[in-house]
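Comments concern the structure below.
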Amino acid sequence: MVDFKVVVGDVKTGRSHKVTVSGHHANSLVGKNIGEVVDGIFVGLPGYKLKITGGSDGNGIPMRKDLPGNKRRKILLSDGLGFHEVYPGERRRKAIRGSAISNEIVQINMSVAEYGPKPIDEILVPPKAEEK
């Protein structure tokens, strides 16, 4: 079974929430690409639409939207996601993962595309127990 840590970014409030997804909901995310809009029921947010914005594997290798597939590849980068140049014009070969979600992905980043009837804080954040 696949387990994902999904970070849902709320663009209205600027807060992000970490949700663990496992079981058949996690299996339904396998094969999706960066930029696709998925139903929020996979993450426990019924009525919401979430856009996949990125992710990383167990070694911290980031996913990149412009690289098709789900394999890890070493590509020559000049600037952008996965590499930031130290001096102008620097290029370096770095390991980058493709844009498709696979079993090796550990973290998936998502942002809210359409909001549901209830606020995210009400659904994901458990209520605090009253102190005596």
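Here, A, B, ... name the chains of the structure tokens in the order displayed, residue numbers run from 1 inside each chain, and ligands are numbered from 1 in the same displayed order.
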
Which residues come within 7 Å of range 94-96 of chain A, counting only C-alpha atoms, excluding same-chain residues fewer than 6 positions away, as a list in words?
Ile61, Pro62, Met63, Arg64, Arg72, Arg73, Lys74, Ile75, Leu76, Leu77 and Gly82 of chain A

Can you spit out the residues from that selection as a JSON list (two decimals), in the first residue's frame, using N, CA, C and O atoms?
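As a result, part12.json now contains:
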```json
[["chain", "number", "residue", "atom", "x", "y", "z"],
["A", 61, "ILE", "N", 14.08, 14.54, -3.60],
["A", 61, "ILE", "CA", 14.20, 14.96, -4.99],
["A", 61, "ILE", "C", 12.85, 15.54, -5.42],
["A", 61, "ILE", "O", 11.84, 14.87, -5.34],
["A", 62, "PRO", "N", 12.82, 16.79, -5.90],
["A", 62, "PRO", "CA", 11.54, 17.42, -6.24],
["A", 62, "PRO", "C", 10.99, 16.94, -7.58],
["A", 62, "PRO", "O", 11.72, 16.50, -8.46],
["A", 63, "MET", "N", 9.67, 17.05, -7.71],
["A", 63, "MET", "CA", 9.00, 16.78, -8.98],
["A", 63, "MET", "C", 9.04, 18.07, -9.80],
["A", 63, "MET", "O", 9.04, 19.16, -9.25],
["A", 64, "ARG", "N", 9.07, 17.91, -11.13],
["A", 64, "ARG", "CA", 9.13, 19.07, -12.01],
["A", 64, "ARG", "C", 8.06, 18.93, -13.07],
["A", 64, "ARG", "O", 7.94, 17.88, -13.70],
["A", 72, "ARG", "N", 13.12, 9.15, -12.01],
["A", 72, "ARG", "CA", 14.11, 10.12, -11.59],
["A", 72, "ARG", "C", 15.17, 10.20, -12.68],
["A", 72, "ARG", "O", 15.69, 9.18, -13.12],
["A", 73, "ARG", "N", 15.48, 11.42, -13.12],
["A", 73, "ARG", "CA", 16.46, 11.61, -14.18],
["A", 73, "ARG", "C", 17.44, 12.70, -13.77],
["A", 73, "ARG", "O", 17.11, 13.59, -13.01],
["A", 74, "LYS", "N", 18.64, 12.62, -14.30],
["A", 74, "LYS", "CA", 19.62, 13.68, -14.10],
["A", 74, "LYS", "C", 19.61, 14.55, -15.35],
["A", 74, "LYS", "O", 19.92, 14.08, -16.44],
["A", 75, "ILE", "N", 19.22, 15.81, -15.17],
["A", 75, "ILE", "CA", 19.16, 16.72, -16.31],
["A", 75, "ILE", "C", 20.01, 17.95, -16.03],
["A", 75, "ILE", "O", 20.30, 18.28, -14.87],
["A", 76, "LEU", "N", 20.42, 18.61, -17.09],
["A", 76, "LEU", "CA", 21.24, 19.81, -16.99],
["A", 76, "LEU", "C", 20.34, 21.01, -16.75],
["A", 76, "LEU", "O", 19.48, 21.33, -17.58],
["A", 77, "LEU", "N", 20.51, 21.66, -15.60],
["A", 77, "LEU", "CA", 19.67, 22.79, -15.22],
["A", 77, "LEU", "C", 20.50, 24.06, -15.16],
["A", 77, "LEU", "O", 21.65, 24.04, -14.74],
["A", 82, "GLY", "N", 14.52, 23.02, -8.34],
["A", 82, "GLY", "CA", 15.50, 21.97, -8.12],
["A", 82, "GLY", "C", 16.93, 22.46, -8.15],
["A", 82, "GLY", "O", 17.84, 21.73, -7.76]]
```

DSSP on the backbone, strand (DSSP E) only: what residues of range 16-78 of chain A does that give? Format it as an NGL selection string.
:A and (16-22 or 37-39 or 49-57 or 72-77)

Using the selection just defined, write its residues with N, CA and C atoms as an mmCIF file, in the first residue's frame.
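Result file is again15.cif:
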```cif
data_model
loop_
_atom_site.group_PDB
_atom_site.id
_atom_site.type_symbol
_atom_site.label_atom_id
_atom_site.label_comp_id
_atom_site.auth_asym_id
_atom_site.auth_seq_id
_atom_site.Cartn_x
_atom_site.Cartn_y
_atom_site.Cartn_z
ATOM 1 N N SER A 16 -1.419 26.242 5.589
ATOM 2 C CA SER A 16 -1.324 24.932 4.953
ATOM 3 C C SER A 16 -1.567 23.865 5.999
ATOM 4 N N HIS A 17 -2.141 22.761 5.547
ATOM 5 C CA HIS A 17 -2.525 21.666 6.433
ATOM 6 C C HIS A 17 -1.917 20.375 5.913
ATOM 7 N N LYS A 18 -1.334 19.574 6.818
ATOM 8 C CA LYS A 18 -0.745 18.301 6.439
ATOM 9 C C LYS A 18 -1.737 17.188 6.724
ATOM 10 N N VAL A 19 -1.976 16.351 5.708
ATOM 11 C CA VAL A 19 -2.926 15.254 5.813
ATOM 12 C C VAL A 19 -2.230 13.986 5.338
ATOM 13 N N THR A 20 -2.378 12.888 6.062
ATOM 14 C CA THR A 20 -1.846 11.601 5.626
ATOM 15 C C THR A 20 -2.930 10.865 4.863
ATOM 16 N N VAL A 21 -2.591 10.425 3.656
ATOM 17 C CA VAL A 21 -3.537 9.729 2.790
ATOM 18 C C VAL A 21 -3.006 8.318 2.566
ATOM 19 N N SER A 22 -3.858 7.319 2.789
ATOM 20 C CA SER A 22 -3.455 5.935 2.575
ATOM 21 C C SER A 22 -4.638 5.143 2.045
ATOM 22 N N VAL A 37 -6.468 18.772 -11.604
ATOM 23 C CA VAL A 37 -7.382 19.091 -10.518
ATOM 24 C C VAL A 37 -8.079 17.802 -10.107
ATOM 25 N N VAL A 38 -7.986 17.463 -8.809
ATOM 26 C CA VAL A 38 -8.585 16.231 -8.300
ATOM 27 C C VAL A 38 -9.655 16.581 -7.272
ATOM 28 N N ASP A 39 -10.502 15.616 -7.003
ATOM 29 C CA ASP A 39 -11.565 15.803 -6.022
ATOM 30 C C ASP A 39 -10.959 15.797 -4.619
ATOM 31 N N LYS A 49 -12.166 21.027 -4.608
ATOM 32 C CA LYS A 49 -11.360 20.632 -5.752
ATOM 33 C C LYS A 49 -9.938 21.106 -5.466
ATOM 34 N N LEU A 50 -8.963 20.204 -5.603
ATOM 35 C CA LEU A 50 -7.573 20.510 -5.282
ATOM 36 C C LEU A 50 -6.701 20.371 -6.521
ATOM 37 N N LYS A 51 -5.773 21.298 -6.689
ATOM 38 C CA LYS A 51 -4.845 21.263 -7.817
ATOM 39 C C LYS A 51 -3.494 20.760 -7.315
ATOM 40 N N ILE A 52 -2.925 19.773 -8.010
ATOM 41 C CA ILE A 52 -1.614 19.233 -7.651
ATOM 42 C C ILE A 52 -0.556 20.223 -8.126
ATOM 43 N N THR A 53 0.282 20.698 -7.193
ATOM 44 C CA THR A 53 1.287 21.700 -7.538
ATOM 45 C C THR A 53 2.709 21.173 -7.477
ATOM 46 N N GLY A 54 2.930 19.986 -6.925
ATOM 47 C CA GLY A 54 4.292 19.452 -6.863
ATOM 48 C C GLY A 54 4.392 18.321 -5.863
ATOM 49 N N GLY A 55 5.623 18.002 -5.496
ATOM 50 C CA GLY A 55 5.868 16.937 -4.537
ATOM 51 C C GLY A 55 7.331 16.566 -4.523
ATOM 52 N N SER A 56 7.658 15.546 -3.723
ATOM 53 C CA SER A 56 9.028 15.063 -3.648
ATOM 54 C C SER A 56 9.030 13.607 -3.219
ATOM 55 N N ASP A 57 10.156 12.923 -3.510
ATOM 56 C CA ASP A 57 10.254 11.518 -3.137
ATOM 57 C C ASP A 57 10.919 11.380 -1.777
ATOM 58 N N ARG A 72 13.120 9.152 -12.011
ATOM 59 C CA ARG A 72 14.115 10.120 -11.591
ATOM 60 C C ARG A 72 15.173 10.199 -12.681
ATOM 61 N N ARG A 73 15.484 11.422 -13.124
ATOM 62 C CA ARG A 73 16.461 11.613 -14.178
ATOM 63 C C ARG A 73 17.443 12.697 -13.769
ATOM 64 N N LYS A 74 18.642 12.620 -14.305
ATOM 65 C CA LYS A 74 19.621 13.684 -14.104
ATOM 66 C C LYS A 74 19.610 14.550 -15.352
ATOM 67 N N ILE A 75 19.222 15.808 -15.174
ATOM 68 C CA ILE A 75 19.158 16.717 -16.311
ATOM 69 C C ILE A 75 20.006 17.950 -16.028
ATOM 70 N N LEU A 76 20.418 18.610 -17.090
ATOM 71 C CA LEU A 76 21.236 19.806 -16.986
ATOM 72 C C LEU A 76 20.335 21.009 -16.749
ATOM 73 N N LEU A 77 20.506 21.656 -15.604
ATOM 74 C CA LEU A 77 19.667 22.791 -15.224
ATOM 75 C C LEU A 77 20.499 24.060 -15.157
#
```

I'd like to know which residues of chain A are helix (DSSP H, G or I) (by DSSP, run on the backbone); could you write them as a PyMOL selection string?
chain A and resi 24-29+40-42+120-124

Can you write just those residues out, N, CA and C atoms, as a tab-separated table (two decimals), in the first residue's frame?
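The resulting file, out-v1.tsv, is shown below:
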```tsv
chain	number	residue	atom	x	y	z
A	24	HIS	N	-7.14	3.11	-0.52
A	24	HIS	CA	-7.61	3.28	-1.88
A	24	HIS	C	-7.61	4.73	-2.34
A	25	HIS	N	-7.67	5.68	-1.39
A	25	HIS	CA	-7.58	7.09	-1.78
A	25	HIS	C	-6.18	7.41	-2.30
A	26	ALA	N	-5.15	6.84	-1.67
A	26	ALA	CA	-3.78	7.07	-2.13
A	26	ALA	C	-3.55	6.39	-3.48
A	27	ASN	N	-4.10	5.21	-3.66
A	27	ASN	CA	-3.92	4.51	-4.94
A	27	ASN	C	-4.59	5.25	-6.09
A	28	SER	N	-5.66	5.98	-5.80
A	28	SER	CA	-6.33	6.72	-6.87
A	28	SER	C	-5.53	7.96	-7.29
A	29	LEU	N	-4.57	8.42	-6.47
A	29	LEU	CA	-3.73	9.56	-6.83
A	29	LEU	C	-2.55	9.15	-7.70
A	40	GLY	N	-11.48	16.62	-3.74
A	40	GLY	CA	-10.97	16.73	-2.38
A	40	GLY	C	-11.31	15.56	-1.49
A	41	ILE	N	-12.20	14.66	-1.93
A	41	ILE	CA	-12.58	13.50	-1.12
A	41	ILE	C	-11.39	12.59	-0.88
A	42	PHE	N	-10.39	12.60	-1.79
A	42	PHE	CA	-9.19	11.78	-1.62
A	42	PHE	C	-8.39	12.21	-0.41
A	120	ILE	N	-11.91	24.81	5.68
A	120	ILE	CA	-10.92	23.75	5.84
A	120	ILE	C	-10.56	23.55	7.31
A	121	ASP	N	-10.42	24.65	8.04
A	121	ASP	CA	-10.07	24.55	9.47
A	121	ASP	C	-11.10	23.73	10.23
A	122	GLU	N	-12.35	23.85	9.87
A	122	GLU	CA	-13.41	23.13	10.55
A	122	GLU	C	-13.34	21.63	10.26
A	123	ILE	N	-12.89	21.26	9.07
A	123	ILE	CA	-12.85	19.85	8.68
A	123	ILE	C	-11.57	19.17	9.15
A	124	LEU	N	-10.42	19.79	8.94
A	124	LEU	CA	-9.13	19.13	9.19
A	124	LEU	C	-8.59	19.31	10.59
```

Fewer than 3 positions away in the same chain doesn't count, so skip those; otherwise give me all residues within 12 Å of Pro88 in chain A, counting only C-alpha atoms, as a list in words.
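The residues that qualify are Ser78, Asp79, His84, Glu85 and Arg91 of chain A.
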
I'd like the interatomic distance between CA of Val11 in chain A and CA of Gly80 in chain A, to a tenth of an Å.
22.5 Å

Which of these, A:Val8, A:Ala100, A:Leu81, A:Leu45, has the shortest distance to Gly116 in chain A once you count only C-alpha atoms?
A:Leu45

For Gly58 in chain A, which of A:Gln107, A:Asn33, A:Ser102, A:Asn70 is the closest residue, counting only C-alpha atoms?
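Checking each candidate against Gly58 in chain A, we get A:Gln107 as the closest.
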
Please identify all polymer residues within 10 Å of Asp66 in chain A, counting only C-alpha atoms, omitting same-chain residues fewer than 5 positions from it, and present them as a PyMOL selection string.
chain A and resi 34+98-99
